[in-house]
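In what follows, a single structure is set out as structure tokens and then discussed.
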Amino acid sequence: MENETLKDTILQLAALSGEVSEEALRDLDCSDKYLTNLLLQLRNEQVIKRCDKDGTVGYRLSQSGKKHLRTQYPERYGDYFGKNGITSKVRLDTVHRQRCHRMSEMNVLLHNAGVNIYPGCKPPFQQSIFPQSSQSLGYTSYEFKDIGDLAIKMKPSRAVGVIVQEKKTILLYNSHEKAVKWEDMTEYRARTVIGKYCSRPVSTVMSCVDMDGAYELLTSTGGELNRYYHITDKQPNMYFLPQKPEGVFLLRFTHLSDCSEHLKERLLAEMIAEEHSNTSHCDGFLDRRIPVLYACDFDMARLRGFYQYLDVSRNIGLVFCLDFQVPVLERYFGNTVTIRVLNTKATADLFGIPYGGKGG
């Protein structure tokens, strides 16, 4: 990646998020040493400002940085930095900065996966001009919550972004390292409003720094006052993505294409479709007796349901998953399942999905 290209990527990520976290920038497709030198160069050019408070390091656009983007990309940023622009809303309080950082981490993940997140590459969210079959458009919470009176119903939502596609919408959350503050009815309203506004079914995705976060979320009880995320019957699905190359692959594999569904069909071709409502959390049976779950998409709601089903039925289950998901699933299910592991690189090659490197 050329120096100028990465420079503009960093400036645009800061423009989208208000403040981009240094931790998020480490996931861009370059070495840590190169990134450190480039950030120092950008600070010397006075196009970004470093903000280090309460041990949290982030970068914001300076006036010179905004001028650079307006000059380089007039069609994107010509009028982007008006009084309602995201960079005009950034405050120094810890809560607000953390929210910007969670948004920036998700933006880097979407950028690495090739989702159109930048102004000029997508219509404004308020317009009902949504993508053709090959497009995936990403919007931050600042963009999708700016839809008039409807936004009031979902303003408290913890969602940091949304992906809009031809056939579905994906609501994005970022729990970072631990269970995020959560209120089921608030997030239910957010899903309902977004679904009606986009006229598409809504899926939900939770992201964390790494796969260890998945175990924390799967086993979370919501805390003493039930204020933090935990899986309930009100969540039809909640897919998990680590903020690593594996997460970039999983986003492309499961949510930006139909590859995961095709793989599921292949793996379960010889399974007998389940017929009883009390076993609705499995995908079929091997030899008519062993419940089987396809877990490559890592839907935490289904994983929790499968765990509960095995506990009640006292069966030993069979789980299909990708290699990087194995440690969490072994820890979560213990000896109640047999795990069949798929090689992620081989799976990526089979479906022609890029995998490897920081950008996935």
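By convention here, the chains of the structure tokens are called A, B, ... in the order presented, each chain's residues are numbered starting at 1, and ligands are numbered starting at 1 in the order presented.
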
Strand (DSSP E) per DSSP on the backbone: members of stretch 230-358 of chain A, as number ranges by chain: A: 239-242, 284-286, 290-294, 317-322, 337-342

Name the residues in contact with A:Gln72 at a cut-off of 9 Å, using only C-alpha atoms, excluding same-chain residues fewer than 5 positions from it; report them as a ChimeraX atom specification. /A:8,67,77

Kindly indicate which residue among A:Met106, A:Leu16, A:Val47, A:Cys259 lies nearest to A:Asp349, using only C-alpha atoms for the distances. A:Cys259

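Neighbours of A:Glu330 closer than or equal to 12 Å, with only C-alpha atoms counted and sequence neighbours fewer than 6 positions away skipped, come out as A:Tyr215, A:Tyr307, A:Leu318, A:Val319, A:Phe320, A:Cys321, A:Asp323, A:Phe324, A:Thr336, A:Val337, A:Thr338, A:Ile339, A:Arg340, A:Val341.
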
Deliver the residues from the most recent selection as a file, using C-alpha atoms, as a PDB file, in the first residue's frame.
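Output file result_27.pdb follows:
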ATOM      1  CA  TYR A 215     -16.732 -16.756  25.567  1.00  0.00           C
ATOM      2  CA  TYR A 307     -26.024 -25.876  24.735  1.00  0.00           C
ATOM      3  CA  LEU A 318     -21.689 -32.710  16.911  1.00  0.00           C
ATOM      4  CA  VAL A 319     -20.505 -29.209  15.998  1.00  0.00           C
ATOM      5  CA  PHE A 320     -18.959 -28.036  12.720  1.00  0.00           C
ATOM      6  CA  CYS A 321     -16.711 -24.977  13.105  1.00  0.00           C
ATOM      7  CA  ASP A 323     -10.214 -23.736  13.296  1.00  0.00           C
ATOM      8  CA  PHE A 324      -9.957 -20.347  15.047  1.00  0.00           C
ATOM      9  CA  THR A 336     -20.865 -32.427  25.651  1.00  0.00           C
ATOM     10  CA  VAL A 337     -19.925 -32.182  21.954  1.00  0.00           C
ATOM     11  CA  THR A 338     -17.622 -33.644  19.360  1.00  0.00           C
ATOM     12  CA  ILE A 339     -16.088 -30.917  17.194  1.00  0.00           C
ATOM     13  CA  ARG A 340     -15.335 -31.300  13.503  1.00  0.00           C
ATOM     14  CA  VAL A 341     -12.839 -28.639  12.457  1.00  0.00           C
TER      15      VAL A 341
END

For A:His230: contacts at 6 Å, only C-alpha atoms, fewer than 3 positions along chain excluded, given as JSON, numbers by chain: {"A": [220, 221, 222]}

Atom pair atom CA of A:Leu35 / atom CA of A:Lys358: separation (Å): 12.5 Å

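For the set A:Leu256, A:Leu225, A:Leu13, A:Val180, the residue with the smallest atom-to-atom gap to A:Ile163 is A:Leu256, counting only C-alpha atoms.
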
Could you give me, as an MDAnalysis selection string, the residues within 12 Å of A:Thr5, counting only C-alpha atoms and dropping anything in the same chain fewer than 3 positions from it? chainID A and resid 1:2 8:12 28:30 38 72

Write a file of the just-selected residues containing C-alpha atoms, as a PDB file, in the first residue's frame.
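Result written to out14.pdb:
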ATOM      1  CA  MET A   1       0.000   0.000   0.000  1.00  0.00           C
ATOM      2  CA  GLU A   2       1.421   3.358  -0.981  1.00  0.00           C
ATOM      3  CA  ASP A   8      -5.773   9.219   3.211  1.00  0.00           C
ATOM      4  CA  THR A   9      -7.315   6.076   4.708  1.00  0.00           C
ATOM      5  CA  ILE A  10      -6.306   7.173   8.210  1.00  0.00           C
ATOM      6  CA  LEU A  11      -7.667  10.679   7.664  1.00  0.00           C
ATOM      7  CA  GLN A  12     -10.951   9.340   6.304  1.00  0.00           C
ATOM      8  CA  LEU A  28      -4.772  -1.834   8.881  1.00  0.00           C
ATOM      9  CA  ASP A  29      -2.733  -3.725   6.322  1.00  0.00           C
ATOM     10  CA  CYS A  30       0.745  -2.457   7.222  1.00  0.00           C
ATOM     11  CA  LEU A  38       3.321   7.426   9.367  1.00  0.00           C
ATOM     12  CA  GLN A  72      -8.326  15.454  -2.448  1.00  0.00           C
TER      13      GLN A  72
END

Excluding A:Ser175 and residues on its chain fewer than 5 positions from it, collect all residues at most 12 Å away from it, counting only C-alpha atoms, and give them as a PDB file with C-alpha atoms, in the first residue's frame.
ATOM      1  CA  GLN A  98     -14.979   5.405  23.910  1.00  0.00           C
ATOM      2  CA  ARG A  99     -18.057   5.391  21.701  1.00  0.00           C
ATOM      3  CA  HIS A 101     -13.347   4.396  19.365  1.00  0.00           C
ATOM      4  CA  ARG A 102     -15.821   1.514  19.209  1.00  0.00           C
ATOM      5  CA  MET A 103     -17.199   3.035  16.002  1.00  0.00           C
ATOM      6  CA  GLU A 105     -12.850  -0.217  15.296  1.00  0.00           C
ATOM      7  CA  MET A 106     -15.934  -1.323  13.397  1.00  0.00           C
ATOM      8  CA  ARG A 158     -25.731   0.625  21.532  1.00  0.00           C
ATOM      9  CA  ALA A 159     -25.381  -0.125  17.810  1.00  0.00           C
ATOM     10  CA  VAL A 160     -22.294   1.489  16.273  1.00  0.00           C
ATOM     11  CA  VAL A 180     -21.526  -3.998  26.588  1.00  0.00           C
ATOM     12  CA  LYS A 181     -24.325  -2.167  28.415  1.00  0.00           C
ATOM     13  CA  TRP A 182     -27.578  -3.563  27.061  1.00  0.00           C
ATOM     14  CA  VAL A 205     -23.554  -8.820  14.687  1.00  0.00           C
ATOM     15  CA  MET A 206     -21.456  -8.355  17.825  1.00  0.00           C
ATOM     16  CA  SER A 207     -17.735  -7.664  17.542  1.00  0.00           C
ATOM     17  CA  CYS A 208     -14.940  -7.979  20.120  1.00  0.00           C
ATOM     18  CA  VAL A 209     -11.170  -7.595  20.105  1.00  0.00           C
ATOM     19  CA  ASP A 210     -10.636 -11.354  19.776  1.00  0.00           C
ATOM     20  CA  MET A 211     -12.341 -14.735  20.187  1.00  0.00           C
ATOM     21  CA  ASP A 212     -11.928 -14.647  23.971  1.00  0.00           C
ATOM     22  CA  GLY A 213     -14.656 -12.014  23.943  1.00  0.00           C
ATOM     23  CA  ALA A 214     -17.049 -14.573  22.476  1.00  0.00           C
ATOM     24  CA  GLU A 216     -17.375 -13.768  27.835  1.00  0.00           C
ATOM     25  CA  LEU A 217     -20.539 -12.957  25.879  1.00  0.00           C
ATOM     26  CA  TYR A 228     -25.071  -5.779  30.452  1.00  0.00           C
ATOM     27  CA  TYR A 229     -25.334  -7.910  27.350  1.00  0.00           C
ATOM     28  CA  HIS A 230     -26.449 -11.492  27.759  1.00  0.00           C
ATOM     29  CA  PHE A 240     -19.896 -12.838  16.491  1.00  0.00           C
ATOM     30  CA  LEU A 241     -16.864 -11.332  14.725  1.00  0.00           C
ATOM     31  CA  PRO A 242     -13.368 -10.933  16.196  1.00  0.00           C
ATOM     32  CA  GLN A 243     -11.550  -7.745  15.176  1.00  0.00           C
TER      33      GLN A 243
END

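Shortest separation to A:Gly305 among A:Ser64, A:Asn226, A:Asn116, A:Thr232 occurs at residue A:Thr232, atoms counted being only C-alpha atoms.
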
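Using only C-alpha atoms for every distance, the candidate list A:Phe285, A:Phe333, A:Tyr34, A:Phe249 yields A:Phe249 as the residue closest to A:Gly357.
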
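From atom CA of A:Lys7 back to atom CA of A:Val57, the distance works out to 18.1 Å.
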
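Closest approach to A:Ala179 among A:Gln46, A:Gly78, A:Val193, A:Thr219 is made by A:Thr219 (distances from only C-alpha atoms).
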
For A:Asp299, list every protein, DNA or RNA residue within 12 Å, evaluated using only C-alpha atoms, and leave out those in the same chain fewer than 4 positions away; present the list as a PyMOL selection string. chain A and resi 203-207+214+217-218+231+235-241+250+254-255+281+293-295+303-306+321+325+329

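Atom CA of A:Glu143 is positioned 8.3 Å from atom CA of A:Gln126.
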
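In terms of minimum interatomic distance to A:Glu166, A:Leu137 ranks closest within A:Leu137, A:Tyr142, A:Glu187, A:Phe351, counting only C-alpha atoms.
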